[in-house]
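The data block below is work.cif; it holds mmCIF, C-alpha atoms.
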```
data_final
#
loop_
_atom_site.group_PDB
_atom_site.id
_atom_site.type_symbol
_atom_site.label_atom_id
_atom_site.label_comp_id
_atom_site.auth_asym_id
_atom_site.auth_seq_id
_atom_site.Cartn_x
_atom_site.Cartn_y
_atom_site.Cartn_z
ATOM 1 C CA MET L 1 0.000 0.000 0.000
ATOM 2 C CA LYS L 2 1.323 3.424 -0.972
ATOM 3 C CA ARG L 3 1.415 5.868 1.945
ATOM 4 C CA ALA L 4 1.437 9.658 1.668
ATOM 5 C CA PHE L 5 1.145 12.428 4.266
ATOM 6 C CA VAL L 6 0.803 16.069 5.154
ATOM 7 C CA ILE L 7 3.158 17.398 7.811
ATOM 8 C CA GLY L 8 2.968 20.594 9.816
ATOM 9 C CA HIS L 9 3.079 21.888 13.379
ATOM 10 C CA PRO L 10 0.235 21.969 14.314
ATOM 11 C CA ILE L 11 -1.550 19.858 11.706
ATOM 12 C CA LYS L 12 -4.859 18.634 13.149
ATOM 13 C CA HIS L 13 -6.751 21.402 11.310
ATOM 14 C CA SER L 14 -5.686 20.119 7.876
ATOM 15 C CA ARG L 15 -8.385 19.097 5.388
ATOM 16 C CA SER L 16 -5.837 17.433 3.093
ATOM 17 C CA PRO L 17 -6.560 13.897 4.395
ATOM 18 C CA LEU L 18 -10.224 14.367 3.441
ATOM 19 C CA ILE L 19 -9.299 15.549 -0.049
ATOM 20 C CA HIS L 20 -6.881 12.739 -0.812
ATOM 21 C CA GLY L 21 -9.051 10.190 0.958
ATOM 22 C CA HIS L 22 -11.922 11.174 -1.333
ATOM 23 C CA TRP L 23 -9.782 10.630 -4.420
ATOM 24 C CA LEU L 24 -8.350 7.333 -3.137
ATOM 25 C CA ALA L 25 -11.866 6.004 -2.658
ATOM 26 C CA GLU L 26 -13.107 7.458 -5.955
ATOM 27 C CA HIS L 27 -10.346 5.728 -7.931
ATOM 28 C CA VAL L 28 -10.289 2.563 -5.769
ATOM 29 C CA ILE L 29 -6.571 2.925 -5.002
ATOM 30 C CA ASP L 30 -4.828 0.881 -2.336
ATOM 31 C CA GLY L 31 -3.220 3.799 -0.565
ATOM 32 C CA SER L 32 -3.393 6.073 2.459
ATOM 33 C CA TYR L 33 -2.868 9.737 3.282
ATOM 34 C CA GLU L 34 -2.403 10.882 6.871
ATOM 35 C CA ALA L 35 -1.757 14.065 8.827
ATOM 36 C CA ILE L 36 1.395 13.901 10.948
ATOM 37 C CA ASP L 37 2.483 16.546 13.432
ATOM 38 C CA VAL L 38 6.230 17.113 13.018
ATOM 39 C CA ALA L 39 8.032 19.633 15.199
ATOM 40 C CA PRO L 40 10.732 21.685 13.430
ATOM 41 C CA ALA L 41 13.549 19.887 15.279
ATOM 42 C CA ASP L 42 12.216 16.527 14.053
ATOM 43 C CA LEU L 43 11.927 17.466 10.380
ATOM 44 C CA PRO L 44 15.261 15.999 9.131
ATOM 45 C CA ALA L 45 14.543 12.668 10.813
ATOM 46 C CA PHE L 46 11.051 12.552 9.338
ATOM 47 C CA LEU L 47 12.373 13.145 5.813
ATOM 48 C CA ASP L 48 14.610 10.133 6.236
ATOM 49 C CA ARG L 49 11.433 8.063 6.498
ATOM 50 C CA ILE L 50 10.728 8.978 2.849
ATOM 51 C CA ARG L 51 14.244 7.954 1.900
ATOM 52 C CA SER L 52 13.682 4.607 3.647
ATOM 53 C CA GLY L 53 10.640 3.942 1.462
ATOM 54 C CA GLU L 54 8.044 4.242 4.225
ATOM 55 C CA PHE L 55 6.214 6.993 2.291
ATOM 56 C CA VAL L 56 5.894 7.746 -1.431
ATOM 57 C CA GLY L 57 5.809 11.434 -0.577
ATOM 58 C CA GLY L 58 3.522 14.038 0.875
ATOM 59 C CA ASN L 59 2.556 17.632 1.456
ATOM 60 C CA VAL L 60 4.238 20.229 3.636
ATOM 61 C CA THR L 61 2.549 23.106 5.415
ATOM 62 C CA VAL L 62 3.392 25.718 8.066
ATOM 63 C CA PRO L 63 6.064 26.028 9.379
ATOM 64 C CA HIS L 64 8.101 23.655 7.201
ATOM 65 C CA LYS L 65 7.803 24.893 3.583
ATOM 66 C CA GLU L 66 11.011 26.907 3.578
ATOM 67 C CA ASP L 67 12.942 24.425 5.709
ATOM 68 C CA VAL L 68 12.255 21.414 3.439
ATOM 69 C CA PHE L 69 13.520 23.491 0.538
ATOM 70 C CA ARG L 70 16.997 23.208 2.055
ATOM 71 C CA LEU L 71 16.692 19.518 2.921
ATOM 72 C CA VAL L 72 15.491 17.814 -0.293
ATOM 73 C CA ASP L 73 17.772 15.937 -2.678
ATOM 74 C CA PHE L 74 16.308 17.213 -5.977
ATOM 75 C CA SER L 75 14.409 20.394 -6.852
ATOM 76 C CA ASP L 76 11.816 21.218 -9.491
ATOM 77 C CA VAL L 77 13.554 23.678 -11.827
ATOM 78 C CA ASP L 78 10.269 25.512 -12.496
ATOM 79 C CA THR L 79 9.589 26.308 -8.819
ATOM 80 C CA VAL L 80 13.038 26.276 -7.218
ATOM 81 C CA HIS L 81 13.146 30.071 -7.400
ATOM 82 C CA LEU L 82 10.283 30.221 -4.884
ATOM 83 C CA GLY L 83 12.537 29.072 -2.057
ATOM 84 C CA ALA L 84 9.731 26.988 -0.521
ATOM 85 C CA PHE L 85 8.264 23.559 -1.303
ATOM 86 C CA ASN L 86 4.842 22.216 -0.377
ATOM 87 C CA THR L 87 5.048 18.837 -2.149
ATOM 88 C CA LEU L 88 7.611 16.057 -1.745
ATOM 89 C CA ILE L 89 7.988 12.965 -3.939
ATOM 90 C CA GLY L 90 10.138 9.936 -3.246
ATOM 91 C CA GLN L 91 12.223 9.122 -6.331
ATOM 92 C CA PRO L 92 14.276 5.953 -6.878
ATOM 93 C CA THR L 93 17.970 6.570 -7.540
ATOM 94 C CA GLN L 94 20.939 4.321 -8.170
ATOM 95 C CA THR L 95 21.760 4.384 -4.471
ATOM 96 C CA GLY L 96 18.266 4.331 -2.921
ATOM 97 C CA ILE L 97 15.440 6.846 -2.694
ATOM 98 C CA GLY L 98 15.867 10.593 -2.967
ATOM 99 C CA ILE L 99 13.386 13.337 -2.183
ATOM 100 C CA TYR L 100 12.162 15.579 -4.997
ATOM 101 C CA GLY L 101 10.688 18.919 -3.939
ATOM 102 C CA THR L 102 8.237 21.098 -5.841
ATOM 103 C CA ASN L 103 5.703 23.836 -5.156
ATOM 104 C CA THR L 104 2.131 23.340 -6.388
ATOM 105 C CA ASP L 105 0.770 26.462 -4.661
ATOM 106 C CA LEU L 106 1.480 28.476 -7.814
ATOM 107 C CA TYR L 107 -0.642 26.075 -9.894
ATOM 108 C CA GLY L 108 -3.354 25.921 -7.219
ATOM 109 C CA PHE L 109 -3.614 29.692 -6.915
ATOM 110 C CA LEU L 110 -4.036 30.253 -10.655
ATOM 111 C CA ALA L 111 -6.443 27.319 -11.077
ATOM 112 C CA ASN L 112 -8.613 28.625 -8.236
ATOM 113 C CA LEU L 113 -8.977 32.089 -9.769
ATOM 114 C CA ASP L 114 -9.468 30.680 -13.271
ATOM 115 C CA ALA L 115 -12.358 28.574 -11.942
ATOM 116 C CA GLY L 116 -13.841 31.122 -9.546
ATOM 117 C CA ALA L 117 -13.485 34.279 -11.677
ATOM 118 C CA PRO L 118 -12.988 33.297 -15.335
ATOM 119 C CA GLY L 119 -11.106 35.948 -17.278
ATOM 120 C CA TRP L 120 -9.791 37.592 -14.095
ATOM 121 C CA SER L 121 -6.368 38.223 -15.620
ATOM 122 C CA ASP L 122 -7.623 39.680 -18.917
ATOM 123 C CA GLY L 123 -6.203 43.184 -19.018
ATOM 124 C CA LEU L 124 -4.881 42.929 -15.458
ATOM 125 C CA GLU L 125 -2.152 45.479 -14.920
ATOM 126 C CA ASN L 126 -1.308 45.955 -11.262
ATOM 127 C CA ALA L 127 -1.924 43.637 -8.311
ATOM 128 C CA ILE L 128 -1.359 43.779 -4.562
ATOM 129 C CA VAL L 129 -0.134 40.862 -2.459
ATOM 130 C CA LEU L 130 -0.567 41.160 1.303
ATOM 131 C CA GLY L 131 2.213 39.356 3.161
ATOM 132 C CA ALA L 132 5.723 38.171 2.325
ATOM 133 C CA GLY L 133 5.918 34.601 3.642
ATOM 134 C CA GLY L 134 6.166 31.265 1.868
ATOM 135 C CA ALA L 135 2.669 31.423 0.368
ATOM 136 C CA ALA L 136 3.301 34.968 -0.856
ATOM 137 C CA ARG L 137 6.254 33.714 -2.876
ATOM 138 C CA ALA L 138 4.072 31.329 -4.893
ATOM 139 C CA VAL L 139 1.337 33.926 -5.380
ATOM 140 C CA ALA L 140 3.746 36.670 -6.442
ATOM 141 C CA ALA L 141 5.459 34.317 -8.893
ATOM 142 C CA ALA L 142 2.094 33.296 -10.335
ATOM 143 C CA LEU L 143 1.012 36.901 -10.787
ATOM 144 C CA SER L 144 4.237 37.758 -12.582
ATOM 145 C CA LEU L 145 3.023 35.350 -15.288
ATOM 146 C CA ARG L 146 -0.372 37.038 -15.647
ATOM 147 C CA THR L 147 0.044 40.765 -14.929
ATOM 148 C CA THR L 148 1.218 43.313 -17.464
ATOM 149 C CA GLY L 149 2.194 45.896 -14.848
ATOM 150 C CA ASN L 150 3.491 45.577 -11.309
ATOM 151 C CA THR L 151 2.760 43.279 -8.416
ATOM 152 C CA TYR L 152 3.187 45.149 -5.148
ATOM 153 C CA VAL L 153 4.181 42.980 -2.179
ATOM 154 C CA LEU L 154 3.027 44.712 0.991
ATOM 155 C CA ASN L 155 4.248 43.664 4.411
ATOM 156 C CA ARG L 156 4.419 45.250 7.844
ATOM 157 C CA THR L 157 8.134 44.410 7.891
ATOM 158 C CA ILE L 158 9.208 45.831 4.550
ATOM 159 C CA GLU L 159 12.584 44.059 4.699
ATOM 160 C CA ARG L 160 10.845 40.699 4.175
ATOM 161 C CA ALA L 161 9.032 42.084 1.140
ATOM 162 C CA GLU L 162 12.318 43.388 -0.234
ATOM 163 C CA VAL L 163 13.948 39.961 0.098
ATOM 164 C CA LEU L 164 11.012 38.262 -1.617
ATOM 165 C CA CYS L 165 11.029 40.656 -4.556
ATOM 166 C CA ALA L 166 14.786 40.378 -4.946
ATOM 167 C CA ASP L 167 14.600 36.581 -4.996
ATOM 168 C CA LEU L 168 11.876 36.213 -7.619
ATOM 169 C CA ARG L 169 11.517 37.027 -11.277
ATOM 170 C CA GLY L 170 9.002 39.545 -12.629
ATOM 171 C CA ASN L 171 7.863 43.104 -12.009
ATOM 172 C CA LEU L 172 7.635 42.803 -8.224
ATOM 173 C CA ARG L 173 7.750 45.877 -6.018
ATOM 174 C CA PRO L 174 8.136 45.795 -2.206
ATOM 175 C CA ALA L 175 6.216 48.257 -0.081
ATOM 176 C CA ALA L 176 5.065 48.823 3.478
ATOM 177 C CA LEU L 177 1.532 47.752 4.351
ATOM 178 C CA ASP L 178 0.541 51.336 5.155
ATOM 179 C CA ARG L 179 0.906 52.207 1.457
ATOM 180 C CA PHE L 180 -2.196 50.189 0.552
ATOM 181 C CA ALA L 181 -4.467 53.237 0.211
ATOM 182 C CA GLU L 182 -1.938 54.885 -2.125
ATOM 183 C CA LEU L 183 -1.561 51.833 -4.376
ATOM 184 C CA ALA L 184 -5.158 50.561 -4.323
ATOM 185 C CA PRO L 185 -6.672 52.816 -7.043
ATOM 186 C CA SER L 186 -4.506 51.206 -9.741
ATOM 187 C CA ALA L 187 -4.882 47.607 -8.517
ATOM 188 C CA GLY L 188 -7.170 45.128 -10.239
ATOM 189 C CA LEU L 189 -6.487 42.333 -7.755
ATOM 190 C CA VAL L 190 -5.752 42.011 -4.034
ATOM 191 C CA VAL L 191 -4.534 38.726 -2.545
ATOM 192 C CA ASN L 192 -4.174 38.050 1.172
ATOM 193 C CA THR L 193 -1.435 35.480 1.794
ATOM 194 C CA THR L 194 -1.154 36.059 5.555
ATOM 195 C CA THR L 195 -2.979 34.249 8.357
ATOM 196 C CA ILE L 196 -4.994 37.381 9.122
ATOM 197 C CA GLY L 197 -8.612 36.333 8.740
ATOM 198 C CA MET L 198 -8.365 33.236 10.876
ATOM 199 C CA HIS L 199 -10.281 33.333 14.188
ATOM 200 C CA GLY L 200 -12.059 36.536 13.156
ATOM 201 C CA THR L 201 -8.900 38.626 12.886
ATOM 202 C CA ARG L 202 -8.854 41.450 10.373
ATOM 203 C CA PHE L 203 -6.580 44.058 8.841
ATOM 204 C CA ASP L 204 -6.806 47.413 10.615
ATOM 205 C CA GLY L 205 -7.720 50.322 8.391
ATOM 206 C CA LEU L 206 -7.264 48.572 5.026
ATOM 207 C CA ALA L 207 -8.811 51.018 2.556
ATOM 208 C CA LEU L 208 -10.667 48.586 0.287
ATOM 209 C CA ASP L 209 -12.947 51.432 -0.786
ATOM 210 C CA ARG L 210 -9.977 52.868 -2.680
ATOM 211 C CA LEU L 211 -9.969 49.901 -5.071
ATOM 212 C CA PRO L 212 -11.588 50.169 -8.519
ATOM 213 C CA LYS L 213 -15.143 48.775 -8.589
ATOM 214 C CA SER L 214 -13.939 46.097 -11.017
ATOM 215 C CA ALA L 215 -11.252 44.801 -8.645
ATOM 216 C CA LEU L 216 -11.137 41.208 -7.439
ATOM 217 C CA VAL L 217 -10.255 40.339 -3.833
ATOM 218 C CA THR L 218 -9.162 36.844 -2.848
ATOM 219 C CA ASP L 219 -7.850 35.198 0.308
ATOM 220 C CA ILE L 220 -5.813 32.019 0.706
ATOM 221 C CA VAL L 221 -7.309 31.587 4.196
ATOM 222 C CA TYR L 222 -10.285 29.217 3.934
ATOM 223 C CA VAL L 223 -11.305 28.889 7.585
ATOM 224 C CA PRO L 224 -13.598 30.757 7.810
ATOM 225 C CA LEU L 225 -14.676 30.429 4.201
ATOM 226 C CA GLU L 226 -15.607 34.108 4.085
ATOM 227 C CA THR L 227 -12.901 35.972 5.954
ATOM 228 C CA PRO L 228 -13.488 39.517 7.266
ATOM 229 C CA LEU L 229 -11.464 40.765 4.278
ATOM 230 C CA LEU L 230 -13.780 39.027 1.792
ATOM 231 C CA ALA L 231 -16.887 40.102 3.682
ATOM 232 C CA ASP L 232 -15.756 43.736 3.635
ATOM 233 C CA ALA L 233 -14.937 43.517 -0.080
ATOM 234 C CA ARG L 234 -18.310 41.952 -0.898
ATOM 235 C CA ALA L 235 -20.098 44.653 1.098
ATOM 236 C CA LEU L 236 -18.430 47.215 -1.170
ATOM 237 C CA GLY L 237 -19.653 45.388 -4.275
ATOM 238 C CA LEU L 238 -16.238 44.008 -5.205
ATOM 239 C CA ARG L 239 -15.797 40.534 -6.686
ATOM 240 C CA THR L 240 -14.412 37.921 -4.317
ATOM 241 C CA VAL L 241 -13.002 34.384 -4.515
ATOM 242 C CA ASP L 242 -12.427 32.328 -1.379
ATOM 243 C CA GLY L 243 -9.336 30.184 -0.792
ATOM 244 C CA LEU L 244 -10.881 26.729 -0.539
ATOM 245 C CA CYS L 245 -10.409 25.679 -4.151
ATOM 246 C CA MET L 246 -6.768 26.761 -4.079
ATOM 247 C CA LEU L 247 -6.330 24.023 -1.480
ATOM 248 C CA LEU L 248 -8.143 21.558 -3.726
ATOM 249 C CA HIS L 249 -6.318 22.424 -6.943
ATOM 250 C CA GLN L 250 -2.833 22.470 -5.390
ATOM 251 C CA ALA L 251 -3.440 18.889 -4.252
ATOM 252 C CA VAL L 252 -3.925 17.532 -7.791
ATOM 253 C CA PRO L 253 -0.268 17.284 -8.979
ATOM 254 C CA GLY L 254 0.892 15.592 -5.781
ATOM 255 C CA PHE L 255 -1.827 12.942 -5.862
ATOM 256 C CA GLU L 256 -0.964 12.179 -9.478
ATOM 257 C CA ALA L 257 2.742 11.811 -8.648
ATOM 258 C CA TRP L 258 2.158 9.519 -5.661
ATOM 259 C CA PHE L 259 -0.704 7.361 -6.887
ATOM 260 C CA GLY L 260 -0.481 7.502 -10.706
ATOM 261 C CA VAL L 261 -3.936 8.984 -11.386
ATOM 262 C CA ARG L 262 -4.747 12.646 -12.070
ATOM 263 C CA PRO L 263 -7.865 13.480 -10.032
ATOM 264 C CA GLU L 264 -10.448 16.176 -10.698
ATOM 265 C CA VAL L 265 -11.662 18.988 -8.495
ATOM 266 C CA THR L 266 -15.436 18.573 -8.581
ATOM 267 C CA PRO L 267 -18.383 20.369 -6.935
ATOM 268 C CA ALA L 268 -18.953 17.214 -4.883
ATOM 269 C CA LEU L 269 -15.420 17.380 -3.468
ATOM 270 C CA ARG L 270 -15.754 21.080 -2.654
ATOM 271 C CA ALA L 271 -19.087 20.454 -0.930
ATOM 272 C CA LYS L 272 -17.557 17.643 1.104
ATOM 273 C CA ILE L 273 -14.716 19.822 2.378
ATOM 274 C CA GLU L 274 -16.911 22.920 2.797
ATOM 275 C CA ALA L 275 -19.216 20.939 5.087
ATOM 276 C CA THR L 276 -16.339 20.596 7.565
ATOM 277 C CA LEU L 277 -15.574 24.312 7.807
#
```

Would you mind writing the structure in this file as C-alpha cells?
Amino acid sequence: MKRAFVIGHPIKHSRSPLIHGHWLAEHVIDGSYEAIDVAPADLPAFLDRIRSGEFVGGNVTVPHKEDVFRLVDFSDVDTVHLGAFNTLIGQPTQTGIGIYGTNTDLYGFLANLDAGAPGWSDGLENAIVLGAGGAARAVAAALSLRTTGNTYVLNRTIERAEVLCADLRGNLRPAALDRFAELAPSAGLVVNTTTIGMHGTRFDGLALDRLPKSALVTDIVYVPLETPLLADARALGLRTVDGLCMLLHQAVPGFEAWFGVRPEVTPALRAKIEATL
C-alpha cells in the first residue's frame, strides 16, 4: 500500500486527508494519506522516512515549507526560485530513494482564480499581495506570469518584502503595508497570503474602498470560508473568490505523482470539504 502524508506543526486542522481520501476512494486505489504533526527539530529525521521507502511522498505546510527546501535531494527547476516547497515525492535513484521537492501552490492559486473568476487576468495590470511569507512567494510568482504591470508585495516588515522581490523574477515591487491606500486605485487584484482572517482577525484600516469597482479580492485563508477581508470587499460590491479551491487544486499534482492517477476537483469534493468548515 502506498502511503502519503501532510506534515505541519500543528496539523490537526488540515483538510488534506479528506481531499486525498476522497480521491483514493473514488479511484479505488490501495493507498493512504495521513496528517502527521512534526516539530521543526524533528523534520530531518522525518524526511529520512521517505528515503527509507516508508512513504511515497507528501505535502508540507506551516512552518516547514522553507525548511524542506533546504533539505530535499532534488528540486523542481520551475519552482526552485520560490525558495519553498509544499510537495515532496520519493524518487528511486541508483543508491536508494531521494526526495524531490516542488511547489504546487502556484498552480493551485491560478487554477482557483481561473475557476472562480474566469477571465480575471484579462487586461490585469497591477496587483497587490498582502504578506511576504512562503505562500506569498508562490502567489507573487504566479502573478508575474499574468500581470502586465506591477505586483506590489506589501508587508508590515518591509525588509521581508524586499527579500522576496529580490529573490523572484518579474515586475515585483516591495512596499510597506501602510501604502495600501496609495496603491489601491490602480490595482485590479488584491490577494491576502497572511494568516490574518483566521479566528475573526482582520486588517486594521485597510482602505478597500480605494480599489476600482472592477477589482477582485481573494484570500488564501479558507477557515472561515468568508474571511473579514472578503466580507468587507463583498459589502463594497467588489468581486471575491475564497481560498478553498486553491487548497483543492494544489493537491492535484501531488496525488498524481504519488498514486499515478490525475484526479479532478469537482463540486462534490468542494461540498464535502466545505461541510467541515

Exactly which residues make up the result of the PyMOL selection byres ((chain L and resi 176) around 8) on this file, given as a tab-separated table (two decimals) with C-alpha atoms, keeping the file's coordinate frame?
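Final file, out00.tsv:
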```
chain	number	residue	atom	x	y	z
L	154	LEU	CA	3.03	44.71	0.99
L	155	ASN	CA	4.25	43.66	4.41
L	156	ARG	CA	4.42	45.25	7.84
L	157	THR	CA	8.13	44.41	7.89
L	158	ILE	CA	9.21	45.83	4.55
L	174	PRO	CA	8.14	45.80	-2.21
L	175	ALA	CA	6.22	48.26	-0.08
L	177	LEU	CA	1.53	47.75	4.35
L	178	ASP	CA	0.54	51.34	5.16
L	179	ARG	CA	0.91	52.21	1.46
L	180	PHE	CA	-2.20	50.19	0.55
```

Please write as a ChimeraX atom specification the full residue list that the PyMOL selection byres ((chain L and resi 161) around 12) yields on this file. /L:128-134,136-137,140,151-160,162-168,172-177

Quick one: which stretch 208-267 of chain L residues come within 10 Å of stretch 83-86 of chain L, and what is the nearest atom pair for each with the distance in Å to one decimal, counting only C-alpha atoms, rows ordered by chain and ascending number, as CSV?
```
residue,atom,partner,partner_atom,distance
L:Gln250,CA,L:Asn86,CA,9.2
L:Ala251,CA,L:Asn86,CA,9.7
L:Gly254,CA,L:Asn86,CA,9.4
```

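Between L:Gly98 and the residues L:Leu47, L:Ala127, L:Leu247, L:Leu145, the shortest atom-to-atom distance, using all atoms listed in the file, involves L:Leu47.
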
One-decimal distance in Å that lies between atom CA of L:Pro263 and atom CA of L:His27: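 The value is 8.4 Å.
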
So that each row is one residue of stretch 122-198 of chain L with an atom at most 10 Å from stretch 225-246 of chain L, can you give its shortest atom pair and the distance in Å to one decimal, using only C-alpha atoms, rows by chain and rising number, as a Markdown table?
```
| residue | atom | partner | partner_atom | distance |
| --- | --- | --- | --- | --- |
| L:Leu189 | CA | L:Arg239 | CA | 9.5 |
| L:Val190 | CA | L:Thr240 | CA | 9.6 |
| L:Val191 | CA | L:Val241 | CA | 9.7 |
| L:Asn192 | CA | L:Leu229 | CA | 8.4 |
| L:Thr193 | CA | L:Gly243 | CA | 9.9 |
| L:Ile196 | CA | L:Thr227 | CA | 8.6 |
| L:Gly197 | CA | L:Thr227 | CA | 5.1 |
| L:Met198 | CA | L:Thr227 | CA | 7.2 |
```

Using all atoms listed in the file, which of the listed residues (L:Val223, L:Ala184, L:Ala117, L:Ile89) sits closest to L:Val56?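 Selected residue with least distance to L:Val56: L:Ile89.
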
Which residues fall under the PyMOL selection byres ((chain L and resi 66-75) around 9) in this file, as a PyMOL selection string? chain L and resi 40+43-44+47+60+62-65+76-80+83-86+88+98-102+134

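For the residues L:Ser14, L:Thr218, L:Thr93, L:Ser52, ranking by smallest atom-to-atom distance to L:Ala35 using all atoms listed in the file places L:Ser14 first.
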
Taking (-7.7, 57.1, -4.1) in the file's own coordinates, collect the residues within 9 Å, counting all atoms listed in the file, and hand them back as a list in words.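 Selection result: Ala181, Glu182, Leu183, Ala184, Pro185, Ser186, Asp209, Arg210 and Leu211 of chain L.
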
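Minimum atom-to-atom distances from L:Val265, L:Ala187, L:Gly200, L:Leu106 to L:Ala135 were compared using all atoms listed in the file, and the lowest value belongs to L:Leu106.
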
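Note that the spacing between atom CA of L:Phe5 and atom CA of L:Pro267 amounts to 23.9 Å.
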
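Taking atom CA of L:Ser32 as the reference point, atom CA of L:His20 is found at 8.2 Å.
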